[in-house]
Each structure stands twice: as C-alpha cells, then as structure tokens.
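Asks: Data: run26.txt, compact mmCIF, C-alpha atoms.
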# COMPACT_ATOMS: atom_id res chain seq x y z
CA MET E 25 0.00 0.00 0.00
CA ASN E 26 2.81 2.38 0.82
CA ILE E 27 4.43 1.75 -2.56
CA ILE E 28 1.13 2.51 -4.35
CA ALA E 29 0.63 5.75 -2.39
CA ILE E 30 4.16 6.92 -3.07
CA THR E 31 3.76 6.09 -6.76
CA LEU E 32 0.51 8.11 -6.98
CA LEU E 33 2.15 11.09 -5.27
CA LEU E 34 5.07 10.98 -7.70
CA ILE E 35 2.69 10.84 -10.66
CA VAL E 36 0.73 13.85 -9.37
CA PHE E 37 3.94 15.77 -8.67
CA VAL E 38 5.41 15.10 -12.13
CA THR E 39 2.08 15.96 -13.79
CA GLY E 40 1.95 19.28 -11.94
CA ILE E 41 5.47 20.21 -13.02
CA TYR E 42 4.62 19.31 -16.61
CA VAL E 43 1.50 21.52 -16.58
CA ILE E 44 3.39 24.47 -15.12
CA MET E 45 6.23 24.19 -17.63
CA THR E 46 3.93 23.67 -20.62
CA PHE E 47 1.23 26.26 -19.81
CA PRO E 48 2.97 29.27 -18.21
CA SER E 49 0.04 31.56 -18.97
CA CYS E 50 -3.26 30.85 -17.29
CA GLY E 51 -5.23 33.15 -19.61
CA CYS E 52 -6.63 35.08 -16.66
CA LYS E 53 -8.09 38.49 -17.30
CA LYS E 54 -6.10 41.41 -15.99
CA LYS E 55 -7.64 43.51 -13.29
CA GLU E 56 -9.30 46.71 -14.36
CA GLY E 57 -7.02 49.71 -14.07
CA PHE E 58 -3.76 47.84 -14.73
CA SER E 59 -1.69 48.94 -17.71
CA SER E 60 -1.24 46.77 -20.78
CA GLN E 61 0.34 47.11 -24.19
CA GLU E 62 -2.81 48.85 -25.42
CA CYS E 63 -2.57 51.52 -22.71
CA PRO E 64 -0.35 54.61 -22.77
CA ASP E 65 1.47 54.99 -19.48
CA LEU E 66 3.69 58.09 -19.79
CA LEU E 67 2.81 61.70 -20.61
CA VAL E 68 5.67 64.18 -21.07
CA GLN E 69 5.19 67.93 -21.48
CA LYS E 70 7.87 69.95 -23.26
CA ASN E 71 6.92 73.63 -23.35
CA ASP E 72 3.37 73.66 -24.79
CA ARG E 73 3.66 70.24 -26.43
CA LEU E 74 2.38 67.01 -24.86
CA LEU E 75 3.81 63.60 -25.82
CA LEU E 76 1.91 60.43 -24.85
CA TYR E 77 4.13 57.33 -24.76
CA PHE E 78 3.38 53.61 -24.93
CA THR E 79 6.49 52.38 -23.14
CA ASN E 80 5.56 48.72 -23.77
CA GLN E 81 5.61 49.24 -27.53
CA PRO E 82 8.38 50.25 -29.96
CA LYS E 83 8.59 53.91 -30.92
CA GLU E 84 6.92 54.92 -34.17
CA GLU E 85 6.78 58.44 -35.55
CA GLY E 86 3.33 59.97 -35.16
CA LYS E 87 1.99 57.00 -33.18
CA ASN E 88 4.39 56.40 -30.31
CA PRO E 89 4.57 58.91 -28.83
CA LEU E 90 1.27 60.56 -29.74
CA PRO E 91 1.82 64.33 -30.07
CA PHE E 92 -0.67 66.88 -28.74
CA PHE E 93 -0.01 70.51 -29.55
CA SER E 94 -2.49 71.91 -27.02
CA LEU E 95 -4.19 70.84 -23.82
CA ASP E 96 -7.55 70.88 -25.61
CA ASP E 97 -6.31 68.21 -28.03
CA TYR E 98 -5.33 65.98 -25.11
CA ILE E 99 -8.69 66.54 -23.40
CA ASN E 100 -10.48 65.56 -26.60
CA TYR E 101 -8.35 62.39 -26.79
CA LEU E 102 -9.24 61.50 -23.18
CA ASP E 103 -12.95 61.99 -23.86
CA ILE E 104 -12.80 59.62 -26.83
CA GLN E 105 -10.94 56.97 -24.81
CA ARG E 106 -13.32 57.21 -21.87
CA ASN E 107 -16.33 56.87 -24.17
CA LYS E 108 -14.76 53.61 -25.35
CA GLY E 109 -14.37 52.48 -21.73
CA VAL E 110 -10.57 52.80 -21.79
CA LYS E 111 -9.09 54.26 -18.61
CA CYS E 112 -5.32 54.01 -18.34
CA PRO E 113 -3.16 55.25 -15.44
CA VAL E 114 -0.60 57.66 -16.85
CA LEU E 115 2.56 59.04 -15.25
CA TYR E 116 2.84 62.76 -15.99
CA LEU E 117 6.27 64.43 -16.29
CA ARG E 118 6.70 68.15 -16.93
CA GLN E 119 9.86 69.79 -18.23
CA GLU E 120 10.99 72.54 -15.85
CA ASN E 121 14.10 74.48 -14.87
CA ASP E 122 15.81 73.87 -11.54
CA ALA E 123 17.66 76.42 -9.40
CA GLN E 124 20.79 75.98 -11.55
CA GLY E 125 18.88 76.68 -14.76
CA LYS E 126 19.08 73.08 -15.98
CA ASP E 127 16.20 71.31 -17.71
CA ILE E 128 14.68 68.63 -15.51
CA TYR E 129 11.54 66.50 -15.66
CA ARG E 130 9.39 66.81 -12.56
CA MET E 131 6.50 64.52 -11.73
CA ARG E 132 3.14 66.26 -11.42
CA PRO E 133 -0.31 64.84 -10.66
CA SER E 134 -1.70 65.71 -14.11
CA PRO E 135 -1.62 68.49 -16.75
CA PHE E 136 -4.68 69.92 -15.01
CA GLU E 137 -3.11 69.88 -11.52
CA LEU E 138 0.39 71.35 -11.16
CA GLN E 139 0.55 71.68 -7.36
CA GLY E 140 3.36 69.21 -6.88
CA GLY E 141 1.15 66.40 -5.66
CA LEU E 142 -1.14 68.61 -3.59
CA PRO E 143 -4.70 69.48 -4.60
CA SER E 144 -5.47 73.06 -5.57
CA SER E 145 -8.10 73.27 -2.86
CA SER E 146 -7.67 71.91 0.62
CA ASP E 147 -10.40 70.32 2.73
CA ILE E 148 -8.30 70.19 5.89
CA LEU E 149 -10.75 72.41 7.77
CA PRO E 150 -14.26 70.95 8.04
CA LYS E 151 -17.20 72.98 6.81
CA ASP E 152 -18.65 73.27 10.31
CA HIS E 153 -15.38 74.34 11.94
CA GLU E 154 -15.51 76.43 15.09
CA ILE E 155 -14.75 80.12 14.61
CA VAL E 156 -12.10 81.32 17.07
CA LYS E 157 -12.32 84.90 18.28
CA TYR E 158 -9.24 86.82 17.21
CA LEU E 159 -7.67 88.40 20.29
CA ASP E 160 -5.58 91.47 19.64
CA ALA E 161 -4.26 93.76 22.38
CA SER E 162 -3.70 96.54 19.87
CA ARG E 163 -7.44 96.98 19.34
CA ASP E 164 -9.17 95.29 22.30
CA ASN E 165 -8.60 98.11 24.74
CA GLY E 166 -12.01 99.75 24.71
CA PRO E 167 -13.12 102.39 24.18
CA TYR E 168 -9.83 102.99 22.32
CA ASN E 169 -8.58 101.24 19.19
CA GLN E 170 -12.07 100.35 18.08
CA ASN E 171 -12.71 98.86 14.60
CA ASN E 172 -9.02 98.72 13.73
CA TYR E 173 -7.34 96.10 11.59
CA PRO E 174 -5.67 93.23 13.49
CA GLY E 175 -2.15 93.82 14.65
CA PHE E 176 0.87 91.65 13.92
CA ASP E 177 0.88 88.20 15.52
CA PRO E 178 4.60 87.54 16.18
CA GLN E 179 3.97 84.40 18.26
CA ASN E 180 1.75 82.68 15.65
CA MET E 181 -0.89 82.02 18.26
CA PHE E 182 -3.62 81.37 15.68
CA VAL E 183 -1.84 79.04 13.26
CA GLY E 184 -4.16 76.16 12.34
CA MET E 185 -7.22 77.92 13.78
CA TYR E 186 -10.14 79.36 11.83
CA THR E 187 -10.58 82.88 13.20
CA ASP E 188 -13.24 85.51 12.58
CA LEU E 189 -10.72 87.27 10.35
CA ASP E 190 -10.49 84.13 8.18
CA GLN E 191 -14.27 84.14 7.97
CA VAL E 192 -14.26 87.70 6.63
CA HIS E 193 -11.63 86.74 4.04
CA ASP E 194 -13.54 83.65 2.87
CA SER E 195 -16.80 85.59 2.61
CA THR E 196 -15.44 87.52 -0.39
CA GLN E 197 -14.74 84.29 -2.29
CA VAL E 198 -18.39 83.23 -2.43
CA ALA E 199 -19.41 85.75 -5.10
CA THR E 200 -18.59 85.29 -8.77
CA LYS E 201 -16.37 88.38 -8.73
CA SER E 202 -14.58 89.60 -5.62
CA ASP E 203 -13.60 93.17 -4.82
CA ASN E 204 -10.52 91.92 -2.98
CA ALA E 205 -7.36 91.82 -5.08
CA MET E 206 -5.99 89.00 -2.88
CA ASP E 207 -8.76 86.58 -3.93
CA ALA E 208 -8.43 84.17 -6.83
CA ASN E 209 -11.82 85.34 -8.15
CA TRP E 210 -10.88 89.04 -8.12
CA GLY E 211 -12.92 90.97 -10.68
CA GLY E 212 -10.10 93.34 -11.58
CA VAL E 213 -9.28 97.01 -11.07
CA ASP E 214 -12.33 98.34 -12.90
CA HIS E 215 -14.66 96.10 -10.90
CA THR E 216 -13.18 97.25 -7.58
CA ASN E 217 -13.33 100.92 -8.58
CA THR E 218 -16.97 100.50 -9.61
CA MET E 219 -17.84 99.00 -6.22
CA ILE E 220 -16.10 101.89 -4.46
CA GLU E 221 -17.94 104.48 -6.56
CA THR E 222 -21.29 102.89 -5.74
CA GLY E 223 -20.66 103.66 -2.07
CA LYS E 224 -20.20 100.07 -0.93
CA TYR E 225 -17.19 101.03 1.19
CA GLU E 226 -18.32 104.50 2.16
CA GLU E 227 -18.22 103.64 5.86
CA ASN E 228 -14.52 102.80 5.50
CA THR E 229 -13.62 106.19 4.03
CA ILE E 230 -10.90 107.98 5.97
CA THR E 231 -11.14 111.79 6.20
CA ARG E 232 -9.16 114.43 7.98
CA PRO E 233 -10.44 114.82 11.55
CA VAL E 234 -12.22 118.04 12.52
CA LEU E 235 -10.52 119.21 15.70
CA SER E 236 -12.76 122.23 16.30
CA THR E 237 -16.09 123.55 15.06
CA PRO E 238 -16.15 127.31 15.68
CA LYS E 239 -19.55 128.96 15.73
CA THR E 240 -19.63 131.65 13.05
CA SER E 241 -22.25 133.65 11.26
CA PHE E 242 -22.42 134.97 7.71
CA TYR E 243 -23.73 138.43 6.93
CA PRO E 244 -24.16 139.16 3.19
CA SER E 245 -24.24 142.91 3.80
CA ILE E 246 -20.67 142.96 5.11
CA PRO E 247 -18.04 143.17 2.31
CA SER E 248 -15.83 140.06 2.06
CA ASN E 249 -13.19 138.59 -0.26
CA PHE E 250 -14.91 135.18 -0.14
CA GLU E 251 -17.77 134.01 -2.32
CA ASN E 252 -21.24 133.61 -0.91
CA PRO E 253 -21.95 130.13 0.48
CA ILE E 254 -24.03 127.80 -1.67
CA ASP E 255 -27.34 126.71 -0.18
CA VAL E 256 -27.63 122.99 -0.84
CA LEU E 257 -30.98 122.59 0.94
Written as structure tokens, that's how I'd like the structure from this file.

Replies:
Amino acid sequence: MNIIAITLLLIVFVTGIYVIMTFPSCGCKKKEGFSSQECPDLLVQKNDRLLLYFTNQPKEEGKNPLPFFSLDDYINYLDIQRNKGVKCPVLYLRQENDAQGKDIYRMRPSPFELQGGLPSSSDILPKDHEIVKYLDASRDNGPYNQNNYPGFDPQNMFVGMYTDLDQVHDSTQVATKSDNAMDANWGGVDHTNTMIETGKYEENTITRPVLSTPKTSFYPSIPSNFENPIDVL
C-alpha cells in the first residue's frame, strides 16, 4: 500500500510540473485599471507640447509617442478613450528648470493639476469648523482702538485655527467676482473701482479729523473777499 501511495504522489507531482512548464500563462483576465500594451502609461510635457508614450511598444513616428499641440487636443483624446471604456493610469512628467537653470523632468499629478502632488483646494478644515475669536491687544482696549485692523501676531498664536478674520476673508470668495485683489476670483481694477464708486465702502472712508467747530455767522451785507456760500438745501 505504501508503494502505491508513493507512486501516486510521484505521478501527481510530475504531472503538476509538466502543466506548469507547458502552460505558463493561465489566460486570466487582468484587473481593471492595470496597464497593458494597449494603454499609454507616460505623458511628457515639453513647453506647450504634450507627448503620450506607450512604453511597452516600440517607438513609431506619429503613433508612439502621440503628439498633442495643445491641452484641448489631449482633453479631446481623453474623452474619446473614456467613451470607449478605456481608462489608463498615466505618469505625468513636466519639463521645468531647476535652481541651476538646468532642464529637468518633474513629476506632477496631471496636466490639469500642477501643485506638486497637492490638490489646488484643501479640505483640511471641516465645513462646520468652530470660529475662534481673534484676540488682539492693539485693538481690544475699549473704548480705544475700536474697529481697527488686526495687529501683527509675532507668536503665531492662531496658526491652524479658523478665526473671525479668516471668515471675513472667505466671505469675499463666495461671489462670482470679488472686490478683494488678494482673492483668486478678483474681478479686476475696474470692478473694484466700480464698487467703491457705488458707495459700498463709504463707511470705511478715511477723512481728515475736525478738531474744532467754531460757531460763526455769515452776513451778506458785510463786504468780504470770499464768495457767498451755496445753499444745498
């Protein structure tokens, strides 16, 4: 019995080795999202020109790499591929100059996102974050220093906190066009001047203080070198 069992085990072992050596490919389908020879996997930008490479295929002029002379051409190519159900992961390299003035290729997330791996907008702060009251000794000494701009914060006491001053800054980014030149959606010089002329910031106008208001009277019958006052009522 032992000889029969050992013989069967040897037959199974030899058969397994034969199958592995003869059929190295199992014909399994590749997982979705993995690159293949039909997928481009490298996008290189040189100045305004985009080159899409199939690194698993030999180079062929006009086909590998595929040239795109504008970003719109590449977007149109992506739309066509996605309509066909083709979605290939692509490594994006952009030609740039380093501190020594040499040409280097730097990896970026995509041609549409050049923030060095970081998204253009950050969701670090939650939408319902707590607003911290900005404490400032230079303007919190009532009744003096009222309605002044915040002073300098040399100790960085409010780093990482969402203060009421941050709330004022973010409020100007809600509109389509902002009056604030520091916002990304600034409407421009003409837009800001128009808002000022409409009186939107009239309460922020700074005028020369009147230190005294002497009580005087005007008598038209008395000769004077000054013109008569204009009655605006």

Asks: What is the distance between CA of Arg73 (chain E) and CA of Pro133 (chain E), in Å to one decimal?

Replies: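 Result for CA of Arg73 (chain E) versus CA of Pro133 (chain E): 17.1 Å, one decimal.
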
Asks: Quick one: pull the distance between CA of Asn228 (chain E) and CA of Met206 (chain E), Å, one decimal.

Replies: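 Computing the Euclidean distance for CA of Asn228 (chain E) and CA of Met206 (chain E) yields 18.3 Å.
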
Asks: What's the separation between CA of Gly212 (chain E) and CA of Asp96 (chain E), in Å to one decimal place?

Replies: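 These two atoms are separated by 26.6 Å.
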
Asks: Could you pull out every residue with an atom within 12 Å of (1.3, 55.0, -21.1), file coordinates, counting only C-alpha atoms, and send them as a PyMOL selection string?

Replies: chain E and resi 58-68+75-81+88-90+111-117

Asks: Could you take the residues named above and write them with C-alpha atoms, as a compact mmCIF listing (two decimals), in the frame of the given file?

Replies:
# COMPACT_ATOMS: atom_id res chain seq x y z
CA PHE E 58 -3.76 47.84 -14.73
CA SER E 59 -1.69 48.94 -17.71
CA SER E 60 -1.24 46.77 -20.78
CA GLN E 61 0.34 47.11 -24.19
CA GLU E 62 -2.81 48.85 -25.42
CA CYS E 63 -2.57 51.52 -22.71
CA PRO E 64 -0.35 54.61 -22.77
CA ASP E 65 1.47 54.99 -19.48
CA LEU E 66 3.69 58.09 -19.79
CA LEU E 67 2.81 61.70 -20.61
CA VAL E 68 5.67 64.18 -21.07
CA LEU E 75 3.81 63.60 -25.82
CA LEU E 76 1.91 60.43 -24.85
CA TYR E 77 4.13 57.33 -24.76
CA PHE E 78 3.38 53.61 -24.93
CA THR E 79 6.49 52.38 -23.14
CA ASN E 80 5.56 48.72 -23.77
CA GLN E 81 5.61 49.24 -27.53
CA ASN E 88 4.39 56.40 -30.31
CA PRO E 89 4.57 58.91 -28.83
CA LEU E 90 1.27 60.56 -29.74
CA LYS E 111 -9.09 54.26 -18.61
CA CYS E 112 -5.32 54.01 -18.34
CA PRO E 113 -3.16 55.25 -15.44
CA VAL E 114 -0.60 57.66 -16.85
CA LEU E 115 2.56 59.04 -15.25
CA TYR E 116 2.84 62.76 -15.99
CA LEU E 117 6.27 64.43 -16.29

Asks: Quick one: everything within 9 Å of Leu189 (chain E), counting all atoms listed in the file, minus sequence neighbours fewer than 4 positions away in the same chain. Send it as a PyMOL selection string.

Replies: chain E and resi 157-158+174+193-194

Asks: Which residue gives the smallest distance to Leu74 (chain E) among E:Arg118, E:Ile35, E:Phe250, E:Met185, with only C-alpha atoms counted?

Replies: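 Of E:Arg118, E:Ile35, E:Phe250, E:Met185, the one nearest Leu74 (chain E), counting only C-alpha atoms, is E:Arg118.
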
Asks: Tell me, as a ChimeraX atom specification, which residues lie within 12 Å of His215 (chain E), counting all atoms listed in the file; anything in the same chain fewer than 3 positions away does not count.

Replies: /E:200-205,209-212,218-222

Asks: Of the candidates E:Thr237, E:Ser94, E:Gln191, E:Asn100, which one gets nearest to Lys70 (chain E) if we count only C-alpha atoms?

Replies: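 Counting only C-alpha atoms, the residue closest to Lys70 (chain E) is E:Ser94.
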
Asks: Go through E:Ala208, E:Val156, E:Val43, E:Ile30 one by one, measure the shortest atom-to-atom distance of each to Tyr186 (chain E) using all atoms listed in the file, and give the residue with the smallest value.

Replies: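 For Tyr186 (chain E), the nearest of the candidates is E:Val156.
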